[in-house]
Structures are given as structure tokens and as C-alpha cells.
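> My structure is in query06.csv, and what it holds is CSV, C-alpha atoms:
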chain,number,residue,atom,x,y,z
A,654,MET,CA,-67.4,-40.1,-32.2
A,655,LEU,CA,-67.9,-41.9,-35.5
A,656,LEU,CA,-67.4,-45.7,-35.9
A,657,VAL,CA,-66.5,-46.7,-39.4
A,658,ILE,CA,-66.8,-50.3,-40.5
A,659,ASP,CA,-65.2,-51.4,-43.8
A,660,ALA,CA,-66.2,-55.1,-44.4
A,661,GLY,CA,-64.1,-56.5,-47.3
A,662,ASN,CA,-63.7,-59.9,-48.7
A,663,THR,CA,-60.7,-60.7,-46.5
A,664,ASN,CA,-60.9,-58.4,-43.5
A,665,VAL,CA,-63.3,-56.2,-41.6
A,666,VAL,CA,-61.7,-53.0,-40.5
A,667,PHE,CA,-63.2,-51.0,-37.6
A,668,ALA,CA,-62.0,-47.4,-37.0
A,669,VAL,CA,-63.0,-44.6,-34.7
A,670,HIS,CA,-62.8,-40.9,-35.7
A,671,ASP,CA,-63.2,-38.1,-33.2
A,672,GLY,CA,-63.9,-35.3,-35.7
A,673,SER,CA,-60.2,-34.4,-36.2
A,674,SER,CA,-58.3,-37.7,-36.5
A,675,TRP,CA,-58.5,-41.5,-36.3
A,676,VAL,CA,-58.1,-42.5,-32.7
A,677,GLY,CA,-58.0,-46.3,-33.3
A,678,GLN,CA,-58.1,-48.9,-36.1
A,679,TRP,CA,-58.6,-52.6,-35.7
A,680,ARG,CA,-59.1,-55.5,-38.2
A,681,MET,CA,-60.4,-59.1,-38.0
A,682,SER,CA,-60.9,-61.7,-40.7
A,683,THR,CA,-64.2,-61.6,-42.6
A,684,SER,CA,-66.7,-64.3,-41.8
A,685,ASP,CA,-70.4,-64.2,-42.7
A,686,SER,CA,-71.1,-66.5,-39.7
A,687,ARG,CA,-69.7,-64.2,-37.1
A,688,THR,CA,-72.4,-62.9,-34.7
A,689,ALA,CA,-73.1,-59.5,-33.3
A,690,ASP,CA,-72.0,-60.7,-29.8
A,691,GLU,CA,-68.7,-61.9,-31.2
A,692,TYR,CA,-68.0,-58.5,-32.7
A,693,ALA,CA,-68.9,-56.9,-29.4
A,694,VAL,CA,-66.6,-59.1,-27.2
A,695,TRP,CA,-63.7,-58.5,-29.5
A,696,LEU,CA,-64.1,-54.8,-30.4
A,697,LEU,CA,-65.3,-53.5,-27.0
A,698,GLY,CA,-62.3,-55.2,-25.4
A,699,LEU,CA,-60.0,-53.3,-27.7
A,700,PHE,CA,-61.9,-50.1,-26.9
A,701,ASP,CA,-61.1,-50.7,-23.2
A,702,ARG,CA,-57.4,-51.1,-24.0
A,703,ILE,CA,-57.2,-47.5,-25.3
A,704,GLY,CA,-59.6,-46.0,-22.8
A,705,LEU,CA,-62.4,-45.6,-25.3
A,706,ASN,CA,-66.0,-45.8,-23.9
A,707,ALA,CA,-68.6,-47.5,-26.1
A,708,GLY,CA,-71.0,-44.8,-25.1
A,709,SER,CA,-68.9,-42.2,-26.8
A,710,ILE,CA,-69.8,-43.6,-30.2
A,711,THR,CA,-72.7,-41.5,-31.4
A,712,ARG,CA,-72.7,-42.4,-35.1
A,713,ALA,CA,-71.7,-45.4,-37.3
A,714,ILE,CA,-71.4,-46.2,-41.0
A,715,ILE,CA,-70.9,-49.6,-42.7
A,716,GLY,CA,-69.5,-50.2,-46.1
A,717,THR,CA,-69.4,-53.8,-47.2
A,718,VAL,CA,-68.9,-55.9,-50.3
A,719,VAL,CA,-70.0,-59.0,-48.3
A,720,PRO,CA,-73.8,-58.7,-48.0
A,721,ALA,CA,-74.1,-61.7,-45.7
A,722,ALA,CA,-72.0,-59.9,-43.1
A,723,LEU,CA,-74.2,-56.8,-43.0
A,724,TYR,CA,-77.0,-58.3,-40.8
A,725,ASP,CA,-74.8,-58.9,-37.7
A,726,LEU,CA,-72.7,-55.8,-38.2
A,727,ARG,CA,-76.0,-53.8,-38.0
A,728,ARG,CA,-77.1,-55.8,-35.0
A,729,PHE,CA,-73.8,-55.1,-33.3
A,730,CYS,CA,-74.2,-51.3,-33.8
A,731,ARG,CA,-77.8,-51.4,-32.6
A,732,GLN,CA,-77.6,-53.7,-29.6
A,733,TRP,CA,-74.1,-52.8,-28.2
A,734,LEU,CA,-73.6,-49.2,-29.2
A,735,ASP,CA,-77.3,-48.0,-29.4
A,736,VAL,CA,-76.7,-46.3,-32.8
A,737,GLU,CA,-78.4,-46.9,-36.1
A,738,PRO,CA,-75.7,-47.3,-38.7
A,739,LEU,CA,-75.7,-45.7,-42.1
A,740,VAL,CA,-75.0,-48.3,-44.8
A,741,ALA,CA,-73.1,-47.1,-47.9
A,742,ASN,CA,-75.3,-47.6,-50.9
A,743,ALA,CA,-76.5,-45.9,-54.0
A,744,GLY,CA,-79.4,-44.3,-52.2
A,745,LEU,CA,-77.3,-41.9,-50.1
A,746,GLU,CA,-76.1,-38.5,-51.1
A,747,TRP,CA,-72.5,-39.1,-52.4
A,748,GLY,CA,-71.5,-35.8,-53.8
A,749,ILE,CA,-69.7,-37.5,-56.7
A,750,GLU,CA,-71.6,-38.5,-59.8
A,751,ALA,CA,-71.1,-42.0,-61.0
A,752,LEU,CA,-70.9,-42.3,-64.8
A,753,VAL,CA,-71.5,-46.0,-64.9
A,754,ASP,CA,-74.3,-48.1,-66.5
A,755,ASN,CA,-75.7,-49.3,-63.2
A,756,PRO,CA,-74.7,-47.4,-60.1
A,757,SER,CA,-76.5,-49.8,-57.8
A,758,GLU,CA,-74.1,-52.7,-58.8
A,759,LEU,CA,-71.0,-50.6,-58.2
A,760,GLY,CA,-69.0,-51.9,-55.2
A,761,ALA,CA,-69.1,-49.6,-52.2
A,762,ASP,CA,-65.4,-49.8,-51.8
A,763,ARG,CA,-64.7,-48.6,-55.3
A,764,ARG,CA,-67.0,-45.6,-55.1
A,765,LEU,CA,-65.7,-44.7,-51.6
A,766,ASN,CA,-62.2,-44.7,-52.9
A,767,GLY,CA,-63.2,-42.4,-55.7
A,768,LEU,CA,-65.0,-40.1,-53.3
A,769,ALA,CA,-62.1,-39.8,-50.9
A,770,ALA,CA,-59.5,-39.4,-53.6
A,771,GLN,CA,-61.5,-36.7,-55.3
A,772,HIS,CA,-61.9,-34.8,-52.0
A,773,PHE,CA,-58.3,-34.9,-51.0
A,774,TYR,CA,-56.4,-34.8,-54.4
A,775,GLY,CA,-58.9,-33.7,-57.1
A,776,GLY,CA,-59.2,-35.2,-60.5
A,777,PRO,CA,-58.2,-36.5,-62.9
A,778,LEU,CA,-56.9,-39.5,-61.0
A,779,ILE,CA,-56.7,-43.3,-60.8
A,780,VAL,CA,-57.0,-45.1,-57.5
A,781,VAL,CA,-55.2,-48.5,-57.4
A,782,ASP,CA,-56.5,-50.5,-54.4
A,783,PHE,CA,-54.5,-53.7,-53.6
A,784,GLY,CA,-57.0,-55.9,-51.9
A,785,THR,CA,-58.5,-59.3,-52.4
A,786,ALA,CA,-59.0,-58.0,-55.9
A,787,THR,CA,-56.9,-55.2,-57.3
A,788,THR,CA,-59.2,-52.4,-58.4
A,789,PHE,CA,-58.5,-49.4,-60.6
A,790,ASP,CA,-61.0,-46.6,-60.2
A,791,VAL,CA,-61.1,-43.4,-62.4
A,792,VAL,CA,-62.2,-39.9,-61.5
A,793,ASN,CA,-62.1,-37.4,-64.3
A,794,GLU,CA,-61.2,-33.7,-64.3
A,795,TYR,CA,-64.8,-32.7,-63.5
A,796,GLY,CA,-64.9,-34.8,-60.3
A,797,GLN,CA,-67.0,-37.6,-61.8
A,798,TYR,CA,-66.5,-41.3,-61.1
A,799,CYS,CA,-66.0,-43.0,-64.5
A,800,GLY,CA,-65.6,-46.7,-63.7
A,801,GLY,CA,-62.4,-48.6,-64.0
A,802,ALA,CA,-61.0,-52.1,-64.0
A,803,ILE,CA,-60.9,-55.1,-61.7
A,804,ALA,CA,-58.1,-57.7,-61.6
A,805,PRO,CA,-57.4,-60.7,-59.3
A,806,GLY,CA,-55.5,-59.8,-56.3
A,807,VAL,CA,-51.9,-61.1,-56.0
A,808,ASN,CA,-52.8,-63.5,-53.2
A,809,LEU,CA,-55.5,-65.0,-55.3
A,810,SER,CA,-52.9,-65.5,-58.0
A,811,ILE,CA,-50.6,-67.2,-55.5
A,812,ASP,CA,-53.4,-69.6,-54.3
A,813,ALA,CA,-54.4,-70.4,-57.9
A,814,LEU,CA,-50.8,-71.2,-58.9
A,815,HIS,CA,-50.3,-73.5,-55.9
A,816,ARG,CA,-53.6,-75.3,-56.4
A,817,ALA,CA,-53.1,-75.8,-60.2
A,818,ALA,CA,-49.5,-77.0,-60.0
A,819,ALA,CA,-48.9,-79.7,-57.3
A,820,ARG,CA,-45.2,-79.3,-57.1
A,821,LEU,CA,-45.2,-75.6,-56.7
A,822,PRO,CA,-45.2,-74.4,-53.1
A,823,ARG,CA,-47.6,-72.0,-51.4
A,824,MET,CA,-45.6,-68.9,-50.7
A,825,SER,CA,-45.9,-65.3,-49.5
A,826,ILE,CA,-45.4,-62.4,-51.9
A,827,GLY,CA,-42.2,-60.4,-51.6
A,828,ARG,CA,-39.8,-58.4,-53.8
A,829,PRO,CA,-37.0,-60.7,-55.2
A,830,LEU,CA,-33.5,-59.4,-55.3
A,831,ASN,CA,-33.1,-60.6,-58.9
A,832,ALA,CA,-35.6,-61.1,-61.8
A,833,ILE,CA,-33.8,-64.3,-62.8
A,834,GLY,CA,-34.6,-67.0,-60.2
A,835,ARG,CA,-32.1,-69.8,-59.7
A,836,SER,CA,-34.5,-71.9,-57.6
A,837,THR,CA,-38.2,-72.6,-58.0
A,838,SER,CA,-39.2,-70.5,-55.1
A,839,VAL,CA,-37.2,-67.4,-56.3
A,840,ALA,CA,-38.5,-67.9,-59.8
A,841,MET,CA,-42.1,-68.0,-58.5
A,842,ARG,CA,-41.5,-64.9,-56.4
A,843,SER,CA,-40.0,-63.1,-59.4
A,844,GLY,CA,-42.9,-64.0,-61.7
A,845,LEU,CA,-45.5,-63.0,-59.1
A,846,PHE,CA,-44.0,-59.7,-58.1
A,847,TRP,CA,-42.7,-58.4,-61.4
A,848,GLY,CA,-45.6,-59.9,-63.3
A,849,TYR,CA,-48.0,-58.0,-61.0
A,850,VAL,CA,-46.0,-54.8,-61.3
A,851,GLY,CA,-46.3,-55.2,-65.1
A,852,LEU,CA,-50.1,-55.8,-64.8
A,853,VAL,CA,-50.6,-52.6,-62.7
A,854,GLU,CA,-48.4,-50.5,-64.9
A,855,GLY,CA,-50.0,-51.8,-68.1
A,856,ILE,CA,-53.6,-51.2,-66.9
A,857,VAL,CA,-52.8,-47.8,-65.5
A,858,GLY,CA,-51.1,-46.9,-68.8
A,859,ARG,CA,-54.1,-48.0,-70.9
A,860,ILE,CA,-56.5,-46.1,-68.7
A,861,SER,CA,-54.3,-43.0,-68.8
A,862,GLU,CA,-54.3,-43.1,-72.6
A,863,GLU,CA,-58.1,-43.3,-72.7
A,864,MET,CA,-58.3,-40.4,-70.3
A,865,GLY,CA,-56.0,-38.4,-72.6
A,866,GLY,CA,-53.4,-37.2,-70.1
A,867,ARG,CA,-51.4,-38.0,-67.1
A,868,PRO,CA,-53.7,-38.4,-64.1
A,869,LYS,CA,-52.6,-38.6,-60.5
A,870,ILE,CA,-52.1,-42.2,-59.4
A,871,ILE,CA,-53.2,-43.0,-55.9
A,872,ALA,CA,-52.3,-46.3,-54.2
A,873,THR,CA,-54.1,-47.8,-51.3
A,874,GLY,CA,-54.6,-51.2,-49.7
A,875,GLY,CA,-52.4,-53.5,-47.6
A,876,LEU,CA,-49.9,-54.4,-50.4
A,877,ALA,CA,-49.5,-51.0,-51.8
A,878,PRO,CA,-46.2,-50.2,-50.0
A,879,LEU,CA,-44.7,-53.5,-51.2
A,880,PHE,CA,-45.5,-52.9,-54.9
A,881,SER,CA,-44.4,-49.2,-54.7
A,882,GLU,CA,-40.9,-50.6,-54.2
A,883,GLY,CA,-41.0,-52.0,-57.8
A,884,THR,CA,-42.4,-49.0,-59.7
A,885,ASN,CA,-42.3,-45.2,-59.7
A,886,LEU,CA,-45.9,-45.2,-60.9
A,887,PHE,CA,-47.6,-43.9,-57.7
A,888,ASP,CA,-47.9,-40.2,-56.8
A,889,VAL,CA,-49.6,-40.7,-53.5
A,890,MET,CA,-49.8,-43.5,-50.9
A,891,ALA,CA,-53.1,-43.3,-49.1
A,892,PRO,CA,-53.5,-46.2,-46.7
A,893,ASP,CA,-56.8,-45.0,-45.1
A,894,LEU,CA,-58.6,-44.0,-48.4
A,895,THR,CA,-61.6,-46.3,-48.0
A,896,LEU,CA,-62.1,-45.4,-44.3
A,897,ASP,CA,-61.9,-41.7,-45.2
A,898,GLY,CA,-64.4,-42.3,-47.9
A,899,LEU,CA,-66.8,-43.8,-45.4
A,900,ARG,CA,-66.2,-40.9,-43.0
A,901,LEU,CA,-66.9,-38.3,-45.7
A,902,LEU,CA,-70.0,-40.1,-46.7
A,903,ALA,CA,-71.3,-40.2,-43.1
A,904,ASP,CA,-70.6,-36.5,-42.7
A,905,ARG,CA,-72.4,-35.7,-46.0
A,906,ASN,CA,-75.5,-37.7,-44.8
A,907,ALA,CA,-75.3,-36.7,-41.1
A,908,MET,CA,-78.6,-34.8,-41.2
A,909,ALA,CA,-80.6,-37.8,-42.6
A,910,GLN,CA,-83.1,-39.3,-40.2
A,911,HIS,CA,-82.6,-43.0,-39.5
A,912,THR,CA,-84.9,-45.3,-37.5
A,913,HIS,CA,-84.4,-48.9,-36.8
A,914,SER,CA,-85.1,-51.0,-39.9
A,915,PRO,CA,-86.5,-54.5,-39.6
A,916,GLU,CA,-83.8,-56.9,-38.4
A,917,GLY,CA,-83.6,-58.6,-41.9
A,918,MET,CA,-82.7,-55.3,-43.6
How does the structure come out when it is put into C-alpha cells?


Amino acid sequence: MLLVIDAGNTNVVFAVHDGSSWVGQWRMSTSDSRTADEYAVWLLGLFDRIGLNAGSITRAIIGTVVPAALYDLRRFCRQWLDVEPLVANAGLEWGIEALVDNPSELGADRRLNGLAAQHFYGGPLIVVDFGTATTFDVVNEYGQYCGGAIAPGVNLSIDALHRAAARLPRMSIGRPLNAIGRSTSVAMRSGLFWGYVGLVEGIVGRISEEMGGRPKIIATGGLAPLFSEGTNLFDVMAPDLTLDGLRLLADRNAMAQHTHSPEGM
């Protein structure tokens, strides 16, 4: 079985694939101070709850945008699963050309989204990923990754608004019943929700114009279902897109030989 680890700015997602389907997915908050042993106590306990033996994990792959978390995620795979994990980076065989100025600086999550979306849906397309940041990733009709755009995630916007305006409360995002708010909290919720819908529609519209057509619009990320309630923009909802990208990348590089790297690597 394959263990996929997607370490984002907010959460680390662990998922196990048996070759035909996902058999389990779990998430914990991201912390660059969490140790390999802490990962083991938490995850192996969850394995036990679904009857999954750690010895059945024969491969692992890590994708992360938090470099400081990589060390202990690797140690966890090595010490507790006895597998040497692949790490998603520009040096692997991706099977999707990146038409960007510097492929080595491209976030793994963005390229993984492009890889999986191209595999399942074909280009031209735009992936909108609602995460800590909201990313827009473009694949053209030839299956090439072309770059995109990055905007602050909606929760970052909520935090910034609360910190900058002392009398405005910290609140959760939700779709308001009306655009016109008759209280401060409803007015904030309206501005955040509909403002963000407008941001997404506007960026997708401009990218589509530059692409010269109507690409498929793929939505992923935790808040994608919420924002899909406010727009007809999305053609596909793909909640596991980044995980699928990691799985495809692992399969493409399955024949590569891997030995234990120095612990600092």
C-alpha cells in the first residue's frame, strides 16, 4: 500500500491507497516542531482503528510547502514504517512540462494539482484550490503547466480584518442569506463571502481571456463546497486532487531506486 503525506501550511493530510481506492484519510494541524514519534503515536493509532497494519505500507511519498516539517516526516516513514519516502520535487519525473521561469521554486501542491487535473480531465483547465492561500493553476490544451495566480486565503482575510479593526469580531466564513447586512456580523460575512466569490470569478475570468477560450474549471480544497454555493463557475469538484497528484507522481517514479539519505536531507 502507498502512504501519501500532503503537508500544507495549515494541515498535514495522511492518506493510504491500496492500488484501487483510498482506504483512509486523516489530518492534523501543521507544526514544524512535531516529532517523528508524535506522528507515529497519532497515525498508527488511527491505523489500528480501521484494522490497517503498518507493515502493509510498502511505499510513501511526501509533498510539502513547509520545508521545516520534512525532516520529521521522513524520519517517521523510515523509523516507524521502514520505507524510504519519495519527496515531490522538481528532480522527479512528472510527466507534465512546467512552462514557468523557475520550476524549482514552484510549490509542490500547485504542480501536483496540475498533474492530477490533467490526468483526469485533460486541458485546457484552471484548478482553483481553496487552502491557506487560494491558488489558480493553469494547464493548456497540450497538457503543459503554465503557471497561474496566488491570492490570500479567505481565513487569512478574516484574521487580517479582525486584527486591523479592533471593534470587528473574529468570525467564521459562511454564506449570508442577504448581501445587505443589517448588523456588523452579517455585513462582515457578506463582504467576505461575496467579495471572495468576486475575487475568484474575476481572476478566473482574466485567466480564461488570456487562454483564449473557456477552460474547464476544477475546484479543490476544504472551502470549495462552500464557495460553489455562490457561483456556477466550477465544472468539477475534486476534493482529493492534491492527494491524487501525489499518488500519480509516486506511481510514475515507482521504479526509481531510493536509499536512505543523510538525516538532514

> How many Å lie between atom CA of A:Val665 and atom CA of A:Ala872, rounded to one decimal?

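Rounded to one decimal, the two atoms are 19.4 Å apart.
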
> When you look at stretch 742-744 of chain A with a cut-off of 10 Å (counting all atoms listed in the file), what residues show up, excluding the ones that are within fewer than 4 positions of it in the same chain? I need them as a PyMOL selection string.

chain A and resi 715-717+751+755-761+764

> Which of these, A:Phe846, A:Phe783, A:Phe887, A:Tyr795, has the shortest distance to A:Gly875 once you count all atoms listed in the file?

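Checking each candidate against A:Gly875, we get A:Phe783 as the closest.
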
> For stretch 733-833 of chain A versus stretch 655-658 of chain A, which residues have an atom no more than 10 Å away, and what is each residue's nearest atom pair and distance in Å rounded to one decimal, using all atoms listed in the file, chain-then-number order, as CSV?


residue,atom,partner,partner_atom,distance
A:Leu734,CA,A:Leu656,CA,9.8
A:Val736,CA,A:Leu656,CA,9.8
A:Pro738,CA,A:Leu656,CA,8.9
A:Leu739,CA,A:Val657,CA,9.6
A:Val740,CA,A:Ile658,CA,9.5

> Taking 6 positions as the minimum chain separation for residues in the same chain, which residues sit within 8 Å of A:Ile779 when counting all atoms listed in the file? Answer as a PDB file with C-alpha atoms, in the frame of the given file.


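This is the output file around_21.pdb:
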ATOM      1  CA  PHE A 789     -58.500 -49.400 -60.600  1.00  0.00           C
ATOM      2  CA  ASP A 790     -61.000 -46.600 -60.200  1.00  0.00           C
ATOM      3  CA  VAL A 791     -61.100 -43.400 -62.400  1.00  0.00           C
ATOM      4  CA  VAL A 792     -62.200 -39.900 -61.500  1.00  0.00           C
ATOM      5  CA  VAL A 857     -52.800 -47.800 -65.500  1.00  0.00           C
ATOM      6  CA  PRO A 868     -53.700 -38.400 -64.100  1.00  0.00           C
ATOM      7  CA  LYS A 869     -52.600 -38.600 -60.500  1.00  0.00           C
ATOM      8  CA  ILE A 870     -52.100 -42.200 -59.400  1.00  0.00           C
ATOM      9  CA  ILE A 871     -53.200 -43.000 -55.900  1.00  0.00           C
TER      10      ILE A 871
END

> Atom CA of A:Arg900 to atom CA of A:Asp754: how many Å, to one decimal?

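Value for the atom CA of A:Arg900-atom CA of A:Asp754 distance: 25.9 Å.
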
> Within 6 Å of A:Glu794, counting only C-alpha atoms, which residues show up once you throw out same-chain ones fewer than 2 positions away? Write them as a list in words, please.

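These residues fall inside the cut-off: Gly776, Pro777 and Gly796 of chain A.
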
> When you look at A:Leu879 with a cut-off of 9 Å (counting all atoms listed in the file), what residues show up, excluding the ones that are within fewer than 3 positions of it in the same chain? I need them as number ranges by chain.

A: 826-828, 875-876, 882-883

> Calculate how many Å separate atom CA of A:Phe729 from atom CA of A:Arg702, rounding to one decimal.

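Here the two named atoms are 19.3 Å from each other.
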
> Please fill the gaps in stretch 718-744 of chain A so it has N, CA, C and O atoms, and write that as a PDB file, in the coordinates of the input.


ATOM      1  N   VAL A 718     -68.697 -55.212 -49.051  1.00  0.00           N
ATOM      2  CA  VAL A 718     -68.900 -55.900 -50.300  1.00  0.00           C
ATOM      3  C   VAL A 718     -69.254 -57.389 -50.018  1.00  0.00           C
ATOM      4  O   VAL A 718     -69.248 -58.222 -50.911  1.00  0.00           O
ATOM      5  N   VAL A 719     -69.591 -57.660 -48.753  1.00  0.00           N
ATOM      6  CA  VAL A 719     -70.000 -59.000 -48.300  1.00  0.00           C
ATOM      7  C   VAL A 719     -71.408 -58.870 -47.729  1.00  0.00           C
ATOM      8  O   VAL A 719     -71.570 -58.663 -46.518  1.00  0.00           O
ATOM      9  N   PRO A 720     -72.450 -58.957 -48.541  1.00  0.00           N
ATOM     10  CA  PRO A 720     -73.800 -58.700 -48.000  1.00  0.00           C
ATOM     11  C   PRO A 720     -74.189 -59.579 -46.841  1.00  0.00           C
ATOM     12  O   PRO A 720     -74.914 -59.127 -45.951  1.00  0.00           O
ATOM     13  N   ALA A 721     -73.689 -60.819 -46.791  1.00  0.00           N
ATOM     14  CA  ALA A 721     -74.100 -61.700 -45.700  1.00  0.00           C
ATOM     15  C   ALA A 721     -73.538 -61.240 -44.349  1.00  0.00           C
ATOM     16  O   ALA A 721     -74.047 -61.656 -43.302  1.00  0.00           O
ATOM     17  N   ALA A 722     -72.521 -60.379 -44.344  1.00  0.00           N
ATOM     18  CA  ALA A 722     -72.000 -59.900 -43.100  1.00  0.00           C
ATOM     19  C   ALA A 722     -72.748 -58.694 -42.534  1.00  0.00           C
ATOM     20  O   ALA A 722     -72.583 -58.323 -41.365  1.00  0.00           O
ATOM     21  N   LEU A 723     -73.584 -58.081 -43.355  1.00  0.00           N
ATOM     22  CA  LEU A 723     -74.200 -56.800 -43.000  1.00  0.00           C
ATOM     23  C   LEU A 723     -75.197 -57.005 -41.797  1.00  0.00           C
ATOM     24  O   LEU A 723     -75.268 -56.152 -40.906  1.00  0.00           O
ATOM     25  N   TYR A 724     -75.945 -58.086 -41.793  1.00  0.00           N
ATOM     26  CA  TYR A 724     -77.000 -58.300 -40.800  1.00  0.00           C
ATOM     27  C   TYR A 724     -76.388 -58.182 -39.358  1.00  0.00           C
ATOM     28  O   TYR A 724     -76.881 -57.423 -38.515  1.00  0.00           O
ATOM     29  N   ASP A 725     -75.314 -58.929 -39.072  1.00  0.00           N
ATOM     30  CA  ASP A 725     -74.800 -58.900 -37.700  1.00  0.00           C
ATOM     31  C   ASP A 725     -73.949 -57.678 -37.419  1.00  0.00           C
ATOM     32  O   ASP A 725     -73.854 -57.281 -36.252  1.00  0.00           O
ATOM     33  N   LEU A 726     -73.380 -57.052 -38.416  1.00  0.00           N
ATOM     34  CA  LEU A 726     -72.700 -55.800 -38.200  1.00  0.00           C
ATOM     35  C   LEU A 726     -73.728 -54.711 -37.763  1.00  0.00           C
ATOM     36  O   LEU A 726     -73.479 -53.908 -36.854  1.00  0.00           O
ATOM     37  N   ARG A 727     -74.888 -54.721 -38.414  1.00  0.00           N
ATOM     38  CA  ARG A 727     -76.000 -53.800 -38.000  1.00  0.00           C
ATOM     39  C   ARG A 727     -76.440 -54.113 -36.600  1.00  0.00           C
ATOM     40  O   ARG A 727     -76.643 -53.195 -35.778  1.00  0.00           O
ATOM     41  N   ARG A 728     -76.656 -55.377 -36.317  1.00  0.00           N
ATOM     42  CA  ARG A 728     -77.100 -55.800 -35.000  1.00  0.00           C
ATOM     43  C   ARG A 728     -76.112 -55.345 -33.917  1.00  0.00           C
ATOM     44  O   ARG A 728     -76.487 -54.906 -32.819  1.00  0.00           O
ATOM     45  N   PHE A 729     -74.832 -55.478 -34.209  1.00  0.00           N
ATOM     46  CA  PHE A 729     -73.800 -55.100 -33.300  1.00  0.00           C
ATOM     47  C   PHE A 729     -73.952 -53.568 -32.936  1.00  0.00           C
ATOM     48  O   PHE A 729     -73.929 -53.162 -31.769  1.00  0.00           O
ATOM     49  N   CYS A 730     -74.097 -52.739 -33.969  1.00  0.00           N
ATOM     50  CA  CYS A 730     -74.200 -51.300 -33.800  1.00  0.00           C
ATOM     51  C   CYS A 730     -75.476 -50.973 -32.949  1.00  0.00           C
ATOM     52  O   CYS A 730     -75.449 -50.131 -32.036  1.00  0.00           O
ATOM     53  N   ARG A 731     -76.569 -51.643 -33.260  1.00  0.00           N
ATOM     54  CA  ARG A 731     -77.800 -51.400 -32.600  1.00  0.00           C
ATOM     55  C   ARG A 731     -77.848 -51.830 -31.136  1.00  0.00           C
ATOM     56  O   ARG A 731     -78.244 -51.093 -30.219  1.00  0.00           O
ATOM     57  N   GLN A 732     -77.420 -53.065 -30.907  1.00  0.00           N
ATOM     58  CA  GLN A 732     -77.600 -53.700 -29.600  1.00  0.00           C
ATOM     59  C   GLN A 732     -76.455 -53.276 -28.624  1.00  0.00           C
ATOM     60  O   GLN A 732     -76.691 -53.173 -27.413  1.00  0.00           O
ATOM     61  N   TRP A 733     -75.248 -53.070 -29.136  1.00  0.00           N
ATOM     62  CA  TRP A 733     -74.100 -52.800 -28.200  1.00  0.00           C
ATOM     63  C   TRP A 733     -73.667 -51.377 -28.211  1.00  0.00           C
ATOM     64  O   TRP A 733     -73.017 -50.971 -27.243  1.00  0.00           O
ATOM     65  N   LEU A 734     -74.014 -50.598 -29.226  1.00  0.00           N
ATOM     66  CA  LEU A 734     -73.600 -49.200 -29.200  1.00  0.00           C
ATOM     67  C   LEU A 734     -74.830 -48.257 -29.200  1.00  0.00           C
ATOM     68  O   LEU A 734     -74.673 -47.049 -29.035  1.00  0.00           O
ATOM     69  N   ASP A 735     -76.013 -48.823 -29.389  1.00  0.00           N
ATOM     70  CA  ASP A 735     -77.300 -48.000 -29.400  1.00  0.00           C
ATOM     71  C   ASP A 735     -77.227 -46.935 -30.455  1.00  0.00           C
ATOM     72  O   ASP A 735     -77.682 -45.820 -30.226  1.00  0.00           O
ATOM     73  N   VAL A 736     -76.698 -47.254 -31.619  1.00  0.00           N
ATOM     74  CA  VAL A 736     -76.700 -46.300 -32.800  1.00  0.00           C
ATOM     75  C   VAL A 736     -77.264 -47.067 -33.973  1.00  0.00           C
ATOM     76  O   VAL A 736     -77.075 -48.275 -34.125  1.00  0.00           O
ATOM     77  N   GLU A 737     -77.949 -46.341 -34.819  1.00  0.00           N
ATOM     78  CA  GLU A 737     -78.400 -46.900 -36.100  1.00  0.00           C
ATOM     79  C   GLU A 737     -77.434 -46.559 -37.166  1.00  0.00           C
ATOM     80  O   GLU A 737     -77.217 -45.385 -37.480  1.00  0.00           O
ATOM     81  N   PRO A 738     -76.756 -47.559 -37.729  1.00  0.00           N
ATOM     82  CA  PRO A 738     -75.700 -47.300 -38.700  1.00  0.00           C
ATOM     83  C   PRO A 738     -76.244 -46.880 -40.068  1.00  0.00           C
ATOM     84  O   PRO A 738     -77.254 -47.420 -40.523  1.00  0.00           O
ATOM     85  N   LEU A 739     -75.561 -45.945 -40.702  1.00  0.00           N
ATOM     86  CA  LEU A 739     -75.700 -45.700 -42.100  1.00  0.00           C
ATOM     87  C   LEU A 739     -75.100 -46.923 -42.854  1.00  0.00           C
ATOM     88  O   LEU A 739     -74.119 -47.497 -42.369  1.00  0.00           O
ATOM     89  N   VAL A 740     -75.624 -47.258 -44.003  1.00  0.00           N
ATOM     90  CA  VAL A 740     -75.000 -48.300 -44.800  1.00  0.00           C
ATOM     91  C   VAL A 740     -74.708 -47.629 -46.197  1.00  0.00           C
ATOM     92  O   VAL A 740     -75.606 -47.043 -46.819  1.00  0.00           O
ATOM     93  N   ALA A 741     -73.467 -47.701 -46.614  1.00  0.00           N
ATOM     94  CA  ALA A 741     -73.100 -47.100 -47.900  1.00  0.00           C
ATOM     95  C   ALA A 741     -73.769 -47.798 -49.032  1.00  0.00           C
ATOM     96  O   ALA A 741     -73.536 -48.985 -49.281  1.00  0.00           O
ATOM     97  N   ASN A 742     -74.637 -47.076 -49.709  1.00  0.00           N
ATOM     98  CA  ASN A 742     -75.300 -47.600 -50.900  1.00  0.00           C
ATOM     99  C   ASN A 742     -75.694 -46.499 -51.816  1.00  0.00           C
ATOM    100  O   ASN A 742     -75.503 -45.315 -51.500  1.00  0.00           O
ATOM    101  N   ALA A 743     -76.204 -46.868 -52.963  1.00  0.00           N
ATOM    102  CA  ALA A 743     -76.500 -45.900 -54.000  1.00  0.00           C
ATOM    103  C   ALA A 743     -77.525 -44.878 -53.631  1.00  0.00           C
ATOM    104  O   ALA A 743     -77.622 -43.805 -54.246  1.00  0.00           O
ATOM    105  N   GLY A 744     -78.345 -45.172 -52.612  1.00  0.00           N
ATOM    106  CA  GLY A 744     -79.400 -44.300 -52.200  1.00  0.00           C
ATOM    107  C   GLY A 744     -78.987 -43.080 -51.405  1.00  0.00           C
ATOM    108  O   GLY A 744     -79.786 -42.161 -51.189  1.00  0.00           O
TER     109      GLY A 744
END
